[in-house]
Each structure stands twice: as structure tokens, then as C-alpha cells.
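One file, final19.csv, is given below (CSV, C-alpha atoms).
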```
chain,number,residue,atom,x,y,z
A,1,MET,CA,-30.8,47.1,7.4
A,2,ASP,CA,-28.6,44.0,7.5
A,3,LEU,CA,-30.9,41.0,7.5
A,4,SER,CA,-27.9,38.6,7.2
A,5,ARG,CA,-27.4,38.9,10.9
A,6,VAL,CA,-29.4,36.5,13.0
A,7,ALA,CA,-29.5,39.0,16.0
A,8,VAL,CA,-30.9,41.7,13.8
A,9,ARG,CA,-33.7,39.5,12.5
A,10,ALA,CA,-34.5,38.3,16.0
A,11,LYS,CA,-35.2,41.9,17.2
A,12,LEU,CA,-37.5,42.9,14.3
A,13,LYS,CA,-41.1,43.8,15.1
A,14,VAL,CA,-43.9,41.6,13.9
A,15,ARG,CA,-45.9,43.4,11.2
A,16,HIS,CA,-47.7,42.6,7.9
A,17,GLU,CA,-45.2,44.6,5.8
A,18,PRO,CA,-41.8,42.7,5.6
A,19,HIS,CA,-38.6,44.4,6.7
A,20,TRP,CA,-36.7,45.0,3.5
A,21,GLN,CA,-33.0,45.0,2.5
A,22,ARG,CA,-32.0,46.4,-0.8
A,23,LEU,CA,-29.9,44.0,-2.9
A,24,GLY,CA,-29.7,46.1,-6.1
A,25,VAL,CA,-31.6,48.4,-8.4
A,26,GLY,CA,-35.3,47.3,-8.0
A,27,ARG,CA,-34.3,44.2,-6.1
A,28,PHE,CA,-35.2,43.7,-2.4
A,29,LEU,CA,-35.0,40.8,0.0
A,30,GLY,CA,-37.5,41.0,2.9
A,31,PHE,CA,-38.1,39.2,6.2
A,32,ARG,CA,-41.4,38.8,8.0
A,33,PRO,CA,-41.0,37.7,11.7
A,34,SER,CA,-43.4,35.0,12.9
A,35,LYS,CA,-46.2,36.0,15.3
A,36,VAL,CA,-45.9,32.7,17.2
A,37,GLY,CA,-42.1,32.5,17.5
A,38,GLY,CA,-41.5,30.4,14.4
A,39,ALA,CA,-38.7,30.8,11.9
A,40,GLY,CA,-40.1,33.7,10.1
A,41,THR,CA,-40.6,34.0,6.3
A,42,PHE,CA,-38.3,35.4,3.6
A,43,VAL,CA,-39.9,37.3,0.7
A,44,CYS,CA,-38.4,39.2,-2.2
A,45,LYS,CA,-39.6,42.2,-4.2
A,46,TYR,CA,-38.9,43.3,-7.7
A,47,ARG,CA,-39.5,46.7,-9.3
A,48,GLU,CA,-38.5,48.0,-12.7
A,49,SER,CA,-39.3,51.1,-14.7
A,50,GLY,CA,-42.8,50.5,-16.2
A,51,VAL,CA,-43.3,47.4,-14.1
A,52,SER,CA,-45.5,47.4,-11.0
A,53,ARG,CA,-44.1,46.0,-7.8
A,54,VAL,CA,-44.1,42.2,-7.7
A,55,VAL,CA,-43.6,40.3,-4.4
A,56,HIS,CA,-42.7,36.6,-4.2
A,57,SER,CA,-42.6,34.4,-1.2
A,58,LEU,CA,-39.5,32.3,-0.7
A,59,GLY,CA,-40.4,30.4,2.5
A,60,ASP,CA,-38.9,30.1,6.0
A,61,PHE,CA,-35.9,27.8,5.3
A,62,GLY,CA,-36.6,26.4,8.7
A,63,ASN,CA,-34.7,23.2,7.9
A,64,LEU,CA,-31.4,25.2,7.8
A,65,PRO,CA,-29.3,26.6,10.7
A,66,GLN,CA,-30.2,30.3,11.5
A,67,ASN,CA,-26.9,31.6,10.2
A,68,GLU,CA,-27.3,29.9,6.7
A,69,ARG,CA,-30.9,31.0,6.0
A,70,PHE,CA,-30.2,34.5,4.7
A,71,SER,CA,-27.6,33.4,2.2
A,72,VAL,CA,-29.8,30.7,0.8
A,73,ALA,CA,-32.8,33.1,0.7
A,74,LYS,CA,-30.6,35.7,-1.1
A,75,ARG,CA,-29.5,33.1,-3.7
A,76,GLU,CA,-33.1,32.0,-4.4
A,77,ALA,CA,-34.2,35.7,-4.6
A,78,GLU,CA,-31.5,36.4,-7.2
A,79,LYS,CA,-32.7,33.4,-9.3
A,80,TRP,CA,-36.2,34.8,-9.2
A,81,PHE,CA,-35.1,38.3,-10.1
A,82,ASP,CA,-33.2,37.0,-13.1
A,83,HIS,CA,-36.2,34.9,-14.1
A,84,VAL,CA,-38.6,37.9,-14.1
A,85,GLN,CA,-36.1,40.2,-15.7
A,86,SER,CA,-35.6,37.8,-18.6
A,87,GLY,CA,-39.4,37.8,-19.3
A,88,GLY,CA,-40.5,34.8,-17.1
A,89,SER,CA,-43.8,34.9,-15.4
A,90,SER,CA,-43.8,36.5,-11.9
A,91,LYS,CA,-46.6,34.2,-10.8
A,92,PRO,CA,-45.4,30.8,-9.4
A,93,VAL,CA,-46.8,28.0,-11.5
A,94,THR,CA,-46.2,24.3,-10.5
A,95,VAL,CA,-45.3,21.5,-12.8
A,96,GLY,CA,-48.7,19.9,-12.1
A,97,GLU,CA,-50.5,23.1,-13.1
A,98,VAL,CA,-48.4,23.3,-16.3
A,99,CYS,CA,-49.4,19.7,-17.1
A,100,LYS,CA,-53.1,20.4,-16.5
A,101,ARG,CA,-52.9,23.4,-18.9
A,102,TYR,CA,-51.3,21.3,-21.6
A,103,ALA,CA,-53.7,18.4,-21.1
A,104,ALA,CA,-56.8,20.6,-21.2
A,105,THR,CA,-57.4,19.5,-24.9
A,106,ARG,CA,-55.4,16.3,-24.9
A,107,PRO,CA,-57.2,13.4,-23.1
A,108,GLU,CA,-54.4,11.0,-23.7
A,109,ALA,CA,-51.9,13.4,-22.0
A,110,GLU,CA,-54.2,13.9,-19.1
A,111,GLN,CA,-54.4,10.1,-18.5
A,112,ARG,CA,-50.6,9.8,-18.5
A,113,PHE,CA,-50.3,12.7,-16.1
A,114,LYS,CA,-52.8,11.2,-13.7
A,115,LEU,CA,-50.8,8.0,-13.7
A,116,TYR,CA,-47.3,9.3,-13.5
A,117,VAL,CA,-47.1,13.0,-12.6
A,118,TYR,CA,-49.9,14.5,-10.5
A,119,GLY,CA,-49.3,12.3,-7.5
A,120,GLU,CA,-45.5,12.8,-7.6
A,121,PRO,CA,-43.4,15.3,-5.7
A,122,LEU,CA,-42.4,16.8,-9.1
A,123,ALA,CA,-45.9,18.1,-9.6
A,124,ARG,CA,-45.7,20.4,-6.6
A,125,VAL,CA,-42.4,22.1,-7.7
A,126,ALA,CA,-42.7,25.6,-9.2
A,127,ILE,CA,-41.5,25.3,-12.7
A,128,HIS,CA,-39.1,28.3,-12.4
A,129,ARG,CA,-37.4,26.5,-9.5
A,130,LEU,CA,-37.3,23.1,-11.2
A,131,LYS,CA,-33.9,21.4,-11.0
A,132,LYS,CA,-32.5,18.8,-13.3
A,133,ALA,CA,-31.9,16.5,-10.4
A,134,GLU,CA,-35.7,16.5,-9.6
A,135,VAL,CA,-36.6,15.6,-13.1
A,136,LEU,CA,-34.0,12.9,-13.2
A,137,LYS,CA,-35.3,11.5,-10.0
A,138,TRP,CA,-38.8,11.4,-11.5
A,139,ARG,CA,-37.5,9.7,-14.6
A,140,GLU,CA,-35.6,7.0,-12.6
A,141,ALA,CA,-38.7,6.3,-10.5
A,142,LEU,CA,-40.9,5.9,-13.6
A,143,ALA,CA,-38.4,3.6,-15.3
A,144,ALA,CA,-38.3,1.4,-12.2
A,145,LYS,CA,-42.1,1.3,-11.9
A,146,PRO,CA,-43.7,-1.8,-13.6
A,147,ALA,CA,-46.1,-1.1,-16.4
A,148,ARG,CA,-49.7,-2.4,-16.0
A,149,VAL,CA,-50.9,-5.1,-18.4
A,150,THR,CA,-54.4,-5.3,-17.0
A,151,ARG,CA,-56.6,-2.2,-16.5
A,152,ARG,CA,-59.2,-3.6,-14.1
A,153,LYS,CA,-60.0,-1.6,-11.0
A,154,SER,CA,-60.2,-4.7,-8.7
A,155,GLY,CA,-58.7,-8.1,-8.6
A,156,GLU,CA,-55.2,-9.2,-9.4
A,157,GLN,CA,-53.2,-6.7,-11.5
A,158,ILE,CA,-50.7,-8.1,-14.0
A,159,THR,CA,-47.6,-6.0,-14.7
A,160,ARG,CA,-44.5,-6.2,-16.8
A,161,PRO,CA,-41.1,-4.4,-16.6
A,162,ARG,CA,-41.5,-1.0,-18.2
A,163,SER,CA,-40.0,-0.9,-21.7
A,164,ALA,CA,-37.7,1.9,-22.9
A,165,GLY,CA,-40.3,2.8,-25.5
A,166,ASP,CA,-43.0,3.2,-22.9
A,167,LEU,CA,-40.7,5.4,-20.8
A,168,ASN,CA,-40.0,7.5,-23.9
A,169,ARG,CA,-43.7,8.0,-24.6
A,170,ASN,CA,-44.4,9.2,-21.0
A,171,MET,CA,-41.3,11.5,-21.0
A,172,THR,CA,-42.4,12.9,-24.4
A,173,VAL,CA,-45.7,14.2,-23.2
A,174,LEU,CA,-44.2,15.7,-20.0
A,175,ARG,CA,-41.5,17.4,-22.1
A,176,ALA,CA,-44.1,18.8,-24.4
A,177,ALA,CA,-46.0,20.3,-21.5
A,178,LEU,CA,-42.9,21.9,-20.1
A,179,ASN,CA,-41.8,23.2,-23.5
A,180,LEU,CA,-45.3,24.8,-23.9
A,181,ALA,CA,-44.8,26.5,-20.5
A,182,LYS,CA,-41.5,27.9,-21.7
A,183,ASP,CA,-43.1,29.1,-24.9
A,184,ASP,CA,-45.8,30.8,-22.8
A,185,GLY,CA,-43.1,32.7,-20.7
A,186,LEU,CA,-43.7,30.8,-17.5
A,187,VAL,CA,-40.0,29.9,-17.5
A,188,VAL,CA,-37.1,31.2,-19.5
A,189,THR,CA,-34.9,28.1,-19.9
A,190,ASP,CA,-35.4,24.4,-20.4
A,191,THR,CA,-32.1,23.5,-18.6
A,192,ALA,CA,-34.0,21.5,-16.0
A,193,TRP,CA,-35.5,19.0,-18.5
A,194,ALA,CA,-33.6,19.3,-21.8
A,195,PHE,CA,-31.1,16.6,-20.8
A,196,ALA,CA,-33.1,14.8,-18.1
A,197,LEU,CA,-36.0,14.0,-20.5
A,198,ARG,CA,-33.9,13.0,-23.5
A,199,PRO,CA,-35.4,9.8,-25.1
A,200,VAL,CA,-33.7,6.5,-24.8
A,201,PRO,CA,-32.0,6.0,-28.2
A,202,GLY,CA,-33.2,3.2,-30.4
A,203,ALA,CA,-36.2,2.4,-28.1
A,204,ASP,CA,-39.0,3.2,-30.6
A,205,ARG,CA,-38.0,0.9,-33.4
A,206,ARG,CA,-40.0,0.4,-36.5
A,207,ARG,CA,-43.2,-1.5,-36.2
A,208,ASN,CA,-42.9,-4.8,-38.2
A,209,LEU,CA,-46.2,-6.5,-37.6
A,210,TYR,CA,-48.3,-5.9,-40.6
A,211,LEU,CA,-51.7,-7.3,-41.7
A,212,ASP,CA,-52.4,-7.3,-45.4
A,213,ARG,CA,-55.9,-6.8,-46.8
A,214,LYS,CA,-56.7,-10.5,-46.8
A,215,GLN,CA,-55.7,-10.8,-43.1
A,216,ARG,CA,-57.7,-7.8,-42.1
A,217,LEU,CA,-60.7,-9.2,-43.9
A,218,ALA,CA,-60.2,-12.4,-42.0
A,219,LEU,CA,-60.1,-10.5,-38.8
A,220,LEU,CA,-63.3,-8.7,-39.6
A,221,GLN,CA,-65.0,-12.0,-40.5
A,222,HIS,CA,-64.3,-13.3,-37.0
A,223,THR,CA,-65.1,-10.1,-35.1
A,224,SER,CA,-68.3,-10.0,-33.0
A,225,ASN,CA,-71.3,-8.0,-34.4
A,226,GLU,CA,-70.9,-5.6,-31.5
A,227,ALA,CA,-67.3,-4.7,-32.2
A,228,ALA,CA,-67.4,-5.0,-36.0
A,229,PRO,CA,-68.1,-1.3,-36.9
A,230,PHE,CA,-65.3,-0.1,-34.6
A,231,ILE,CA,-62.8,-2.6,-35.9
A,232,ARG,CA,-63.8,-2.0,-39.5
A,233,ALA,CA,-63.2,1.7,-39.0
A,234,LEU,CA,-59.7,0.9,-37.6
A,235,CYS,CA,-59.1,-1.0,-40.8
A,236,LEU,CA,-60.2,1.9,-43.0
A,237,LEU,CA,-58.8,4.9,-41.2
A,238,PRO,CA,-55.2,5.5,-40.1
A,239,LEU,CA,-56.3,6.9,-36.7
A,240,ARG,CA,-55.1,6.1,-33.2
A,241,PRO,CA,-57.7,3.8,-31.5
A,242,GLY,CA,-58.2,6.3,-28.8
A,243,ALA,CA,-59.0,9.1,-31.3
A,244,LEU,CA,-61.5,6.9,-33.1
A,245,ALA,CA,-63.2,5.9,-29.8
A,246,ALA,CA,-63.4,9.6,-28.8
A,247,LEU,CA,-65.3,10.6,-32.0
A,248,THR,CA,-68.9,11.9,-31.5
A,249,VAL,CA,-71.7,12.0,-34.0
A,250,GLY,CA,-71.2,15.8,-34.2
A,251,ASP,CA,-67.7,15.2,-35.5
A,252,PHE,CA,-69.0,13.7,-38.7
A,253,ASP,CA,-70.5,15.9,-41.4
A,254,SER,CA,-72.4,13.5,-43.6
A,255,ARG,CA,-73.3,16.2,-46.1
A,256,ARG,CA,-69.7,17.0,-46.9
A,257,ALA,CA,-68.4,13.5,-46.1
A,258,GLU,CA,-66.0,15.2,-43.7
A,259,LEU,CA,-64.7,13.9,-40.4
A,260,THR,CA,-63.2,16.2,-37.6
A,261,ILE,CA,-60.7,14.6,-35.3
A,262,SER,CA,-60.7,16.8,-32.2
A,263,HIS,CA,-59.4,14.5,-29.4
A,264,ASP,CA,-56.1,13.0,-30.3
A,265,LYS,CA,-52.5,12.8,-29.2
A,266,ALA,CA,-51.7,15.3,-32.0
A,267,GLY,CA,-53.5,18.0,-30.0
A,268,GLN,CA,-54.9,20.2,-32.8
A,269,ALA,CA,-58.1,19.3,-34.5
A,270,ARG,CA,-57.9,18.2,-38.1
A,271,LYS,CA,-60.4,17.4,-40.8
A,272,ILE,CA,-60.4,14.4,-43.2
A,273,LEU,CA,-62.4,14.1,-46.4
A,274,LEU,CA,-63.8,10.6,-46.6
A,275,PRO,CA,-64.5,8.3,-49.5
A,276,LEU,CA,-68.0,6.9,-50.0
A,277,GLN,CA,-67.4,3.5,-48.3
A,278,ILE,CA,-66.1,5.1,-45.1
A,279,ALA,CA,-68.7,7.9,-45.1
A,280,THR,CA,-71.4,5.3,-45.4
A,281,LEU,CA,-70.1,3.4,-42.4
A,282,LEU,CA,-70.0,6.5,-40.3
A,283,LYS,CA,-73.5,7.5,-41.5
A,284,GLU,CA,-74.9,4.2,-40.3
A,285,GLN,CA,-73.2,4.6,-36.9
A,286,SER,CA,-74.6,8.1,-36.4
A,287,ARG,CA,-78.2,7.2,-37.3
A,288,GLY,CA,-80.6,8.0,-34.5
A,289,LYS,CA,-78.0,9.5,-32.2
A,290,LEU,CA,-77.6,12.9,-30.7
A,291,PRO,CA,-74.6,15.0,-31.8
A,292,ALA,CA,-72.8,14.6,-28.4
A,293,ALA,CA,-73.2,10.8,-28.5
A,294,PRO,CA,-70.2,8.6,-29.2
A,295,LEU,CA,-70.0,7.7,-32.9
A,296,PHE,CA,-69.0,4.1,-32.2
A,297,THR,CA,-70.7,2.5,-29.3
A,298,ARG,CA,-70.8,-0.9,-27.5
A,299,ALA,CA,-74.1,-2.7,-26.9
A,300,ASP,CA,-74.7,-0.7,-23.7
A,301,GLY,CA,-74.4,2.6,-25.6
A,302,LYS,CA,-71.0,3.5,-24.1
A,303,ALA,CA,-67.9,4.4,-26.1
A,304,TRP,CA,-65.1,1.9,-26.7
A,305,ASN,CA,-61.9,2.2,-24.7
A,306,LYS,CA,-58.6,0.3,-24.4
A,307,ALA,CA,-60.0,-2.1,-21.8
A,308,THR,CA,-63.1,-3.0,-24.0
A,309,TRP,CA,-61.7,-3.1,-27.5
A,310,ARG,CA,-58.8,-5.5,-26.5
A,311,ILE,CA,-61.1,-8.4,-25.8
A,312,PRO,CA,-63.0,-8.7,-29.2
A,313,ILE,CA,-59.7,-8.1,-31.1
A,314,ARG,CA,-57.9,-10.8,-29.1
A,315,GLU,CA,-60.8,-13.2,-29.7
A,316,ALA,CA,-61.0,-12.4,-33.4
A,317,VAL,CA,-57.2,-12.8,-33.8
A,318,ARG,CA,-57.3,-16.2,-32.2
A,319,ALA,CA,-60.3,-17.3,-34.3
A,320,ALA,CA,-58.7,-16.0,-37.5
A,321,LYS,CA,-55.3,-17.7,-36.6
A,322,LEU,CA,-53.4,-14.4,-36.9
A,323,PRO,CA,-50.2,-13.6,-35.0
A,324,ALA,CA,-51.0,-13.3,-31.3
A,325,ALA,CA,-49.3,-9.9,-31.0
A,326,VAL,CA,-51.9,-8.2,-33.3
A,327,SER,CA,-53.5,-5.2,-31.6
A,328,ALA,CA,-55.6,-2.2,-32.4
A,329,TYR,CA,-52.3,-0.3,-33.2
A,330,THR,CA,-51.4,-3.1,-35.7
A,331,LEU,CA,-54.4,-2.0,-37.8
A,332,ARG,CA,-53.3,1.7,-37.7
A,333,HIS,CA,-49.8,0.6,-38.7
A,334,SER,CA,-51.2,-1.5,-41.5
A,335,THR,CA,-53.3,1.3,-43.0
A,336,ILE,CA,-50.4,3.8,-42.8
A,337,THR,CA,-48.2,1.2,-44.5
A,338,ASP,CA,-50.8,0.9,-47.3
A,339,LEU,CA,-51.0,4.6,-47.8
A,340,VAL,CA,-47.2,5.0,-48.1
A,341,THR,CA,-46.8,2.0,-50.4
A,342,GLY,CA,-49.8,3.2,-52.4
A,343,GLY,CA,-47.8,6.3,-53.3
A,344,LEU,CA,-49.4,9.0,-51.1
A,345,ASP,CA,-46.7,11.5,-50.1
A,346,ILE,CA,-45.3,11.4,-46.6
A,347,LEU,CA,-46.6,14.9,-45.6
A,348,THR,CA,-50.2,14.0,-46.5
A,349,VAL,CA,-49.9,10.6,-44.7
A,350,ALA,CA,-48.7,12.5,-41.6
A,351,GLN,CA,-51.5,15.0,-41.8
A,352,VAL,CA,-54.2,12.3,-42.2
A,353,SER,CA,-52.9,10.1,-39.4
A,354,GLY,CA,-52.2,12.9,-37.0
A,355,THR,CA,-48.5,12.5,-36.5
A,356,SER,CA,-45.3,14.4,-37.7
A,357,ALA,CA,-43.7,13.9,-41.1
A,358,GLN,CA,-40.5,13.1,-39.2
A,359,MET,CA,-42.2,10.2,-37.5
A,360,ILE,CA,-43.6,8.8,-40.7
A,361,GLU,CA,-40.1,9.2,-42.4
A,362,ARG,CA,-38.5,7.4,-39.4
A,363,HIS,CA,-40.8,4.4,-39.5
A,364,TYR,CA,-42.1,4.2,-43.1
A,365,ALA,CA,-39.8,5.9,-45.5
A,366,HIS,CA,-38.0,2.6,-46.2
A,367,LEU,CA,-41.3,1.4,-47.9
A,368,GLN,CA,-40.9,4.1,-50.6
A,369,ARG,CA,-37.7,2.5,-51.9
A,370,LYS,CA,-39.6,0.3,-54.3
A,371,LEU,CA,-41.6,3.3,-55.5
A,372,ALA,CA,-38.4,5.2,-56.1
A,373,ALA,CA,-36.9,2.2,-58.0
A,374,ASP,CA,-40.1,2.0,-60.2
A,375,ALA,CA,-39.9,5.8,-60.8
A,376,LEU,CA,-36.2,5.5,-61.8
A,377,ALA,CA,-37.1,2.6,-64.1
A,378,ARG,CA,-39.5,4.9,-66.0
A,379,LEU,CA,-36.6,7.2,-66.8
A,380,VAL,CA,-34.8,4.6,-68.8
A,381,LEU,CA,-34.3,5.7,-72.5
```
As C-alpha cells, please, write out the structure in this file.
Amino acid sequence: MDLSRVAVRAKLKVRHEPHWQRLGVGRFLGFRPSKVGGAGTFVCKYRESGVSRVVHSLGDFGNLPQNERFSVAKREAEKWFDHVQSGGSSKPVTVGEVCKRYAATRPEAEQRFKLYVYGEPLARVAIHRLKKAEVLKWREALAAKPARVTRRKSGEQITRPRSAGDLNRNMTVLRAALNLAKDDGLVVTDTAWAFALRPVPGADRRRNLYLDRKQRLALLQHTSNEAAPFIRALCLLPLRPGALAALTVGDFDSRRAELTISHDKAGQARKILLPLQIATLLKEQSRGKLPAAPLFTRADGKAWNKATWRIPIREAVRAAKLPAAVSAYTLRHSTITDLVTGGLDILTVAQVSGTSAQMIERHYAHLQRKLAADALARLVL
């Protein structure tokens, strides 16, 4: 049967089983006429020794002239055959579904996807049919979209032009989700996003705002009683603020003085052995609370979040006469800096802080030059 001919397709009987045309060994292109006089639907079928029959819908291509639909359907079918034969999943999975799978254990990724992916046309594209042009279009739209400064649900929203660093962070999490889909066999190539999601070079420069111990102590002295435990923990642990806020009482083992960080950008849970001072602080915060309760809470019993920890930090910064740009992340940077300059090896710093050794090397390796010079000095005969 020659489905390439419009006249042939027009005379086909309406039935549930498509009318098939063999394209090659185990490869078939089919057409199912519409019951109501529509364009009809193209499907394809793949069979291989040891593999059960797999049918995949291609669509009606109703936006194309009748004489062009077969050739386009055939081209799409061949792409799908190659995808399945190379080990790709035979079940269509959209970019949005891929992101949901990746974000299942990564709250920060889920928040970014809600803001920038799920509501976009890109989310509805099957990952094995994803094209570089579609990813580039998403990237360009995100780069042009202002970044929010305020997080309030109502009232005037303050925005700023999106920085290259912010664009990189959002592209990084999407790239990680797509790479995971490739690792899982949902797609056999990363051609669609390998180039389109390359980071802007030089955007994530080294953080330079650092608070020494005296400045951090001044910050704590001017922090409200409500926020003091949370801010103190930020000064004592090199954790992301969001990861600290997500801790529950059950994450802290007071008997072993061990803390489990389960919800973090890093993805995998990790455990940290705590010194006495930090363990005592966490023990005080967990007293009288159920295991599922937030470890650090506000006065109303709710967990801290970006919108609520900003205010007390800003007020304390102003009262302590510290640089106005100080933020919760400044405290993380300051603790990591102290760990590196204190002589802790980069790999251990990376493990404790929940980031890669490459990232620590990129932003903090310069701090070890003095340690290296001192070590060399001890070699002098």
C-alpha cells in the first residue's frame, strides 16, 4: 500500500487498526482515517527480534498541505525508529515530566521549574523530539524576562534585569534534569541542549563579600531573638540557607551529634558530624518538637524561607553598620572561606557544604596560596 498518495489515503476505510506501509525491516508507517472527515492520524510501528510491537502516534500534520504530510510523517517516524533502536525509551516523555522526575527530591529545582519551565511551551515537547531551536527560544525568553526582587503575592512587584549568573543557575538545573533523562534512556543524545544550555562564561565570578568572625558576631548581637538561632546556625554551618530552613527535628541525631541534610540543591542526602557548640544549638531548637517539625522555626511555628529571613538579616546588617549587600549567602561564603583558610582540604569542604570540589576550587582555591607558601617555608633547610 502506497500511503504517500493523497488519493489512496482518501479511499481508505475507517477502522481502529491503522492501514500500514512497510518502510523497512520491523519498521512500519500507518494511517488511520478520521471518522468525521478530519485530516486522519499518522502512526508508526516498530518490531525487532525479542522486542514486542511498539506503536507510536505521530499526529495528523493537519497544518501542512495534503501532499506534504506523508513525507513529514515518514521523516518523524524514521527519527523515532532510530531513537528506539539506539536504546531510547519507546514511551513519549515530555520535558515537563522529565523535570518533575528530577525535582522529586530537589525542592529548589521544583521551585525553579514552577517559575520558568512548567508553564512554557518547552514543557509540553516530548524529549526525544526536542530541537535545539526550541531550547534556544526558551533560553532567550528567560534571559529577557526580568528577575523578581520582591516575593510578595500581592501589591507592587519590584524587578531587575536578569543577570547572566541567574540565567546560568536556571539553565544548570534544566540541563541536569535533561542529562538525567538521557542517563535513564529516555533519549539517546543531548544534541538539543548541549549547546543551547551552555553557561554564559565569566558570569559566576568569585564571591568577594566576606564577614570575619568579629563582623558575624556583631550581626548576631543585632539580630532579633526570633531570628537569632537561624542566623547563628548560618554562621556556624556552611549550608545553603534553603537547606538549613528545610531541616526537620528528625534530621538531627542528638545522641550521635549527627545532622542529615536531605533537602538541598546537591540532591543526595549527606551527614555531618557536629562539634559540641553546634550540637547544643540544634538540641535546644529540637526540644519539645515532633520529628517532622521544622528544626528552626519563626514565632508562629512555621519554617523560615527566603521571604522571611531577608527582613531580620537586613535589619541586623543596618544596625551593625555592615555592608548593605550582606545576605544569608554571605554567611555561607564566609564559613566556607574560614574552612578553606583553616586548612581543611577542598574535597572535605565540598562534601560538608554540599557542592562539587570543582566549584570550591573555582571560587576558593586562591585562598590556599598562603597555606602553600607557609608549607613551603617549613621545607627550608
Task: Separation of CA of Tyr329 (chain A) from CA of Leu276 (chain A), in Å and rounded to one decimal - done: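 Computing it gives 24.1 Å between the two atoms.
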TODO: Counting all atoms listed in the file, figure out which residue out of A:Ala194, A:Ala245, A:Leu290, A:Lys35 gets nearest to Ala176 (chain A).
DONE: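 Of all the options, A:Ala194 lies closest to Ala176 (chain A).
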Task: Distance of CA of Pro241 (chain A) from CA of Ala307 (chain A), expressed in Å to one decimal place - done: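 Result for CA of Ala307 (chain A) versus CA of Pro241 (chain A): 11.6 Å, one decimal.
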TODO: Rank A:Thr248, A:Asn225, A:Thr341, A:Thr41 by their smallest atom-to-atom distance to Ala73 (chain A), using all atoms listed in the file, and report the top residue only.
DONE: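 Smallest distance to Ala73 (chain A) is found for A:Thr41.
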TODO: For Trp304 (chain A), please output as a list in words all residues within 9 Å (counting all atoms listed in the file; exclusion window: fewer than 2 positions along the same chain).
DONE: Ala227, Phe230, Gly242, Leu244, Ala245, Ala246, Pro294, Phe296, Thr297, Arg298, Lys302, Lys306, Ala307, Thr308 and Trp309 of chain A
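Considering the residues A:Glu120, A:Glu140, A:Asp251, A:Glu258 and counting only C-alpha atoms, Ala292 (chain A) has its shortest atom-to-atom contact with A:Asp251.
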TODO: Fewer than 2 positions away in the same chain doesn't count, so skip those; otherwise give me all residues within 8 Å of Glu226 (chain A), counting all atoms listed in the file, as a list in words.
DONE: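 Near neighbours after the sequence-gap exclusion: Ser224, Ala228, Pro229, Arg298 and Ala299 of chain A.
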Open item on the list: So the first atom is CA of Val72 (chain A) and the second is CA of Leu174 (chain A); what is the distance between them in Å, to one decimal place?
Closed with: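 Taking CA of Val72 (chain A) and CA of Leu174 (chain A), their separation equals 29.4 Å.
Among the candidate residues A:Cys235, A:Ala109, A:Leu142, A:Val93, the one lying nearest to Ile336 (chain A) is A:Cys235, with distances computed using only C-alpha atoms.
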Task: Contacts of Trp138 (chain A) at 12 Å (all atoms listed in the file; same-chain gap of 3+ positions) as a list in words - done: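 Returned residues: Tyr116, Val117, Tyr118, Gly119, Glu120, Pro121, Leu122, Ala123, Val125, Leu130, Lys131, Lys132, Ala133, Glu134, Val135, Ala141, Leu142, Ala143, Ala144, Lys145, Leu167, Asn170, Met171, Leu174, Trp193, Ala196 and Leu197 of chain A.
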Open item on the list: I'd like the neighbourhood of Ala350 (chain A) as a ChimeraX atom specification, where a residue qualifies if any of its atoms comes within 12 Å (using all atoms listed in the file), though same-chain residues fewer than 2 positions away should be ignored.
Closed with: /A:238-239,266,270,272,336-337,339-340,344-348,352-365
- [ ] Give the answer as one residue: which of A:Val349, A:Leu236, A:Leu220, A:Leu209 has the shortest atom-to-atom distance to Val326 (chain A), using only C-alpha atoms?
- [x]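 The shortest atom-to-atom distance to Val326 (chain A) comes from A:Leu209.
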Task: For Gln111 (chain A), the nearest of the candidates A:Val173, A:Leu247, A:Leu331, A:Val54, counting only C-alpha atoms - done: A:Val173
Neighbouring residues of Pro201 (chain A) were defined as those with any atom within 12 Å, considering only C-alpha atoms; residues of the same chain fewer than 5 positions away were excluded. Please report them as a CSV table (one decimal) with C-alpha atoms, keeping the file's coordinate frame.
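So the final result, stored in selection.csv, reads:
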```csv
chain,number,residue,atom,x,y,z
A,164,ALA,CA,-37.7,1.9,-22.9
A,165,GLY,CA,-40.3,2.8,-25.5
A,167,LEU,CA,-40.7,5.4,-20.8
A,168,ASN,CA,-40.0,7.5,-23.9
```
